[in-house]
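Report on the following structure.
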Amino acid sequence: MAHRSRPIPALRICSLRSALLVWVSVAVLAQALAIPLAFGQARSVGAETVVIDTRAQSRPFPHFWEQMFGSGRAVLTLRDSYRSDLREVKKITDSGYVRFHAIFHDEVGFCGEDAKGQPIYNFSYIDQIYDGLLENGVRPFVELSFMPKKLAANSVLHPFWYKPSPAPPKDYNRWGDLIYQFTKHVTERYGVDEVSQWYFEIWNEPNIDFWAGEPKESTYFHLYDVSAKAIKRVNSRLRVGGPSTPQAAWVDRFIKHCVDNKIPVDFASTHVYGNDSAKDVFGTNENIPRTEMVGRSVKKVYDQVKASKLPNLPIIWSE
């Protein structure tokens, strides 16, 4: 079959650690496809014969790059340059979802207080953020984070330069109301048929410094419980999940918590990076190559879900 090359538009990448992009080096890709490459000086390559058995058993080739991209924080989506890049990525990959941090960051202007300390919700920027995604054929994978400063139990800030607050809420009832009002608004604006196709993920990486609750696991589970119930109170069709942990952590205990306490959960989400350590991911001192870390981590979580009381729970690697 003849191959025809085409130019690939240059993309401006405005992502932080959250990018879900699966990067494949040119050299590795070339090796996999048996394409000779020369870096620096040209080198001669002998002729090779590739034989394809068209009768061999086939298997699915899922296009993971068409599912979701991660991209920085929410307010970036208001930039013209971001939306231009979004259209290019959509055109090339047909990606269905975008995930970003900090929809509740104070720069989005969502949560304030009146003179009596009562919450005031302003959806102006939130509407523009989600309008911009949907107008370009992309749905939000909603990471519900971080804590609005008016609601934070303490003044701790994350080292990221835009200083998100990892603090737990000073009042979990007010947090529950925030989640309910947010979810109710987007459902009314876009319709339940649309929003039921979104994903609502509670927080980001609560087992490291993105969550300041102590002890981390039990306080996060409480945050999840309040959030999940508030979302389902809007409409039972809406999808909610977690624990959104790095290092493929907590998934088994998270599912057990939800089952034991009858807490709604529609998917399990977690993260792993090729340079994560075996100690952090598996609790061992193995020397696991980067080329194997992601695959082994996926199998670990898959096995945990299959062994749980929710063996068919969807697994989403949101980073």
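Simple scheme: letters A, B, ... for chains in structure tokens order, numbers from 1 for residues in each chain, numbers from 1 for ligands in the order shown.
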Query raised in the report: Could you pull out the helix (DSSP H, G or I) residues of stretch 83-165 of chain A from DSSP and send them as a ChimeraX atom specification?
Result: /A:83-93,106-108,124-135,149-151
**Report entry** Close residues, A:Ala74 itself excluded, 9 Å, only C-alpha atoms, min 5 positions apart in chain, as a ChimeraX atom specification
**Finding:** /A:99-105,108,126,129
Output N, CA and C atoms of each residue in that selection to a file, as an mmCIF file, in the first residue's frame.
data_model
loop_
_atom_site.group_PDB
_atom_site.id
_atom_site.type_symbol
_atom_site.label_atom_id
_atom_site.label_comp_id
_atom_site.auth_asym_id
_atom_site.auth_seq_id
_atom_site.Cartn_x
_atom_site.Cartn_y
_atom_site.Cartn_z
ATOM 1 N N ARG A 99 -9.466 17.592 29.914
ATOM 2 C CA ARG A 99 -9.427 17.681 31.377
ATOM 3 C C ARG A 99 -8.431 18.764 31.773
ATOM 4 N N PHE A 100 -8.832 19.608 32.684
ATOM 5 C CA PHE A 100 -7.918 20.620 33.212
ATOM 6 C C PHE A 100 -8.197 20.826 34.693
ATOM 7 N N HIS A 101 -7.220 21.447 35.367
ATOM 8 C CA HIS A 101 -7.337 21.723 36.792
ATOM 9 C C HIS A 101 -8.119 23.016 37.050
ATOM 10 N N ALA A 102 -8.539 23.166 38.316
ATOM 11 C CA ALA A 102 -8.814 24.470 38.930
ATOM 12 C C ALA A 102 -10.028 25.219 38.382
ATOM 13 N N ILE A 103 -11.122 24.504 38.143
ATOM 14 C CA ILE A 103 -12.351 25.205 37.756
ATOM 15 C C ILE A 103 -12.878 26.068 38.896
ATOM 16 N N PHE A 104 -12.490 25.743 40.151
ATOM 17 C CA PHE A 104 -12.936 26.530 41.299
ATOM 18 C C PHE A 104 -11.887 27.518 41.797
ATOM 19 N N HIS A 105 -10.777 27.663 41.068
ATOM 20 C CA HIS A 105 -9.759 28.639 41.457
ATOM 21 C C HIS A 105 -10.374 30.040 41.455
ATOM 22 N N VAL A 108 -11.170 32.171 38.348
ATOM 23 C CA VAL A 108 -12.375 31.911 37.557
ATOM 24 C C VAL A 108 -13.570 32.689 38.116
ATOM 25 N N ILE A 126 -17.275 30.402 33.967
ATOM 26 C CA ILE A 126 -17.523 28.961 33.822
ATOM 27 C C ILE A 126 -18.326 28.691 32.552
ATOM 28 N N ILE A 129 -16.058 29.087 29.592
ATOM 29 C CA ILE A 129 -15.107 27.969 29.507
ATOM 30 C C ILE A 129 -15.759 26.764 28.838
#
**Report entry** Nearby residues (only C-alpha atoms) at most 12 Å from A:Glu135, same-chain spacing under 3 positions excluded, as a count of residues only
**Finding:** 14
Set out as CSV a contact list for stretch 146-199 of chain A and stretch 252-270 of chain A with a cut-off of 12 Å, giving each residue of stretch 146-199 of chain A that qualifies its closest atom pair and distance in Å to one decimal, counting only C-alpha atoms, ordered by chain and rising residue number.
residue,atom,partner,partner_atom,distance
A:Ser196,CA,A:Asp266,CA,11.4
A:Gln197,CA,A:Asp266,CA,11.9
A:Trp198,CA,A:Asp266,CA,11.6
A:Tyr199,CA,A:Phe267,CA,8.8
Just-selected residues, N, CA and C atoms written as a JSON list (two decimals), in the first residue's frame:
[["chain", "number", "residue", "atom", "x", "y", "z"],
["A", 196, "SER", "N", -24.93, 14.33, 31.00],
["A", 196, "SER", "CA", -24.79, 12.93, 31.40],
["A", 196, "SER", "C", -23.67, 12.23, 30.62],
["A", 197, "GLN", "N", -23.16, 12.88, 29.57],
["A", 197, "GLN", "CA", -22.02, 12.34, 28.82],
["A", 197, "GLN", "C", -20.68, 12.89, 29.31],
["A", 198, "TRP", "N", -20.73, 13.83, 30.27],
["A", 198, "TRP", "CA", -19.51, 14.34, 30.90],
["A", 198, "TRP", "C", -19.06, 13.36, 31.98],
["A", 199, "TYR", "N", -17.91, 13.62, 32.55],
["A", 199, "TYR", "CA", -17.41, 12.90, 33.71],
["A", 199, "TYR", "C", -17.12, 13.91, 34.81]]
Output as a tab-separated table one row per residue of stretch 61-168 of chain A within 10 Å of stretch 298-318 of chain A: the closest atom pair and its distance in Å to one decimal place, counting only C-alpha atoms, sorted by chain and residue number ascending.
residue	atom	partner	partner_atom	distance
A:Met68	CA	A:Ser318	CA	8.0
A:Phe69	CA	A:Ser318	CA	8.6
A:Gly70	CA	A:Ser318	CA	7.8
A:Val98	CA	A:Ser318	CA	9.8
A:Arg99	CA	A:Ser318	CA	7.7
A:Phe100	CA	A:Ser318	CA	10.0
A:Phe141	CA	A:Ser318	CA	8.8
A:Glu143	CA	A:Ser318	CA	9.5
Please produce a file of the residues just selected, as an mmCIF file, in the first residue's frame, where the atoms kept are N, CA and C atoms.
data_model
loop_
_atom_site.group_PDB
_atom_site.id
_atom_site.type_symbol
_atom_site.label_atom_id
_atom_site.label_comp_id
_atom_site.auth_asym_id
_atom_site.auth_seq_id
_atom_site.Cartn_x
_atom_site.Cartn_y
_atom_site.Cartn_z
ATOM 1 N N MET A 68 -9.060 11.607 25.290
ATOM 2 C CA MET A 68 -8.982 12.775 26.164
ATOM 3 C C MET A 68 -7.578 13.360 26.174
ATOM 4 N N PHE A 69 -7.511 14.683 26.297
ATOM 5 C CA PHE A 69 -6.248 15.388 26.491
ATOM 6 C C PHE A 69 -6.322 16.162 27.799
ATOM 7 N N GLY A 70 -5.182 16.304 28.465
ATOM 8 C CA GLY A 70 -5.083 17.159 29.637
ATOM 9 C C GLY A 70 -4.407 18.463 29.262
ATOM 10 N N VAL A 98 -11.568 17.027 27.166
ATOM 11 C CA VAL A 98 -10.429 17.766 27.704
ATOM 12 C C VAL A 98 -10.566 17.831 29.213
ATOM 13 N N ARG A 99 -9.466 17.592 29.914
ATOM 14 C CA ARG A 99 -9.427 17.681 31.377
ATOM 15 C C ARG A 99 -8.431 18.764 31.773
ATOM 16 N N PHE A 100 -8.832 19.608 32.684
ATOM 17 C CA PHE A 100 -7.918 20.620 33.212
ATOM 18 C C PHE A 100 -8.197 20.826 34.693
ATOM 19 N N PHE A 141 -14.064 16.836 30.745
ATOM 20 C CA PHE A 141 -13.876 15.843 31.790
ATOM 21 C C PHE A 141 -13.617 16.677 33.040
ATOM 22 N N GLU A 143 -12.714 17.973 36.353
ATOM 23 C CA GLU A 143 -11.990 17.774 37.609
ATOM 24 C C GLU A 143 -12.455 18.840 38.594
#
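The neighbours of A:Thr245 here are the residues that come within 8 Å of it, using only C-alpha atoms and leaving out any residue fewer than 6 positions away in the same chain; they are Asn204, Glu205, Pro206, Asn207, Ser269, Thr270 and His271 of chain A.
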Restricted to C-alpha atoms, what would the selected residues look like written as a PDB file, in the first residue's frame?
ATOM      1  CA  ASN A 204      -6.871  15.845  41.814  1.00  0.00           C
ATOM      2  CA  GLU A 205      -4.132  13.657  43.318  1.00  0.00           C
ATOM      3  CA  PRO A 206      -5.243  13.704  46.963  1.00  0.00           C
ATOM      4  CA  ASN A 207      -2.511  11.338  48.157  1.00  0.00           C
ATOM      5  CA  SER A 269      -9.708   7.219  37.893  1.00  0.00           C
ATOM      6  CA  THR A 270      -6.015   7.249  38.649  1.00  0.00           C
ATOM      7  CA  HIS A 271      -2.647   8.366  37.223  1.00  0.00           C
TER       8      HIS A 271
END
Compile a residue-level contact table for stretch 54-170 of chain A against stretch 211-216 of chain A at a cut-off of 6 Å, reporting for every qualifying residue the shortest atom pair and its distance in Å to one decimal, with only C-alpha atoms counted, rows ordered by chain and ascending number, as CSV.
residue,atom,partner,partner_atom,distance
A:Pro166,CA,A:Trp211,CA,4.5
A:Ala167,CA,A:Ala212,CA,4.9
A:Pro168,CA,A:Gly213,CA,5.5
Selected residues written out, C-alpha atoms, as a PDB file, in the first residue's frame:
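Once written, out_1.pdb looks like this:
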ATOM      1  CA  PRO A 166      -5.253  22.147  48.363  1.00  0.00           C
ATOM      2  CA  ALA A 167      -7.037  22.831  51.654  1.00  0.00           C
ATOM      3  CA  PRO A 168     -10.128  20.921  52.733  1.00  0.00           C
TER       4      PRO A 168
END
Query raised in the report: Which residues come within 12 Å of A:Glu292, counting only C-alpha atoms, excluding same-chain residues fewer than 5 positions away, as a VMD selection string?
Result: chain A and resid 272 to 278 286 to 287 297 to 299
Write a file of the selected residues as an mmCIF file, in the first residue's frame, keeping C-alpha atoms.
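Final output, saved to selection20.cif:
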data_model
loop_
_atom_site.group_PDB
_atom_site.id
_atom_site.type_symbol
_atom_site.label_atom_id
_atom_site.label_comp_id
_atom_site.auth_asym_id
_atom_site.auth_seq_id
_atom_site.Cartn_x
_atom_site.Cartn_y
_atom_site.Cartn_z
ATOM 1 C CA VAL A 272 0.815 6.990 36.566
ATOM 2 C CA TYR A 273 3.977 8.295 34.920
ATOM 3 C CA GLY A 274 6.801 6.334 33.355
ATOM 4 C CA ASN A 275 9.293 7.829 35.821
ATOM 5 C CA ASP A 276 7.275 6.888 38.924
ATOM 6 C CA SER A 277 9.230 4.637 41.288
ATOM 7 C CA ALA A 278 8.436 1.009 42.043
ATOM 8 C CA GLU A 286 12.482 -3.190 41.885
ATOM 9 C CA ASN A 287 14.188 -1.354 39.061
ATOM 10 C CA SER A 297 0.552 -0.079 36.711
ATOM 11 C CA VAL A 298 -2.442 -0.508 34.421
ATOM 12 C CA LYS A 299 -2.452 -4.227 35.130
#
Report task. Would you please extract all strand (DSSP E) residues from stretch 37-131 of chain A, as assigned by DSSP on the backbone, and give them as a PyMOL selection string? Result -> chain A and resi 68-73+97-101+111-113+119-121
Query raised in the report: With only C-alpha atoms as the basis for distance, which of A:Lys91, A:Lys279, A:Arg189, A:His222 is at the shortest distance from A:Asp171?
Result: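 Checking each candidate against A:Asp171, we get A:His222 as the closest.
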Requested in this report: Quick one: pull the distance between atom CA of A:Ser81 and atom CA of A:Gly112, Å, one decimal.
Outcome: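 Interatomic distance, atom CA of A:Ser81 to atom CA of A:Gly112: 28.8 Å.
Minimum distance to A:Gly176 across A:Ile202, A:Leu133, A:Ala56, A:Val50 (counting only C-alpha atoms) occurs at A:Ile202.
From atom CA of A:Asn173 back to atom CA of A:Arg73, the distance works out to 25.8 Å.
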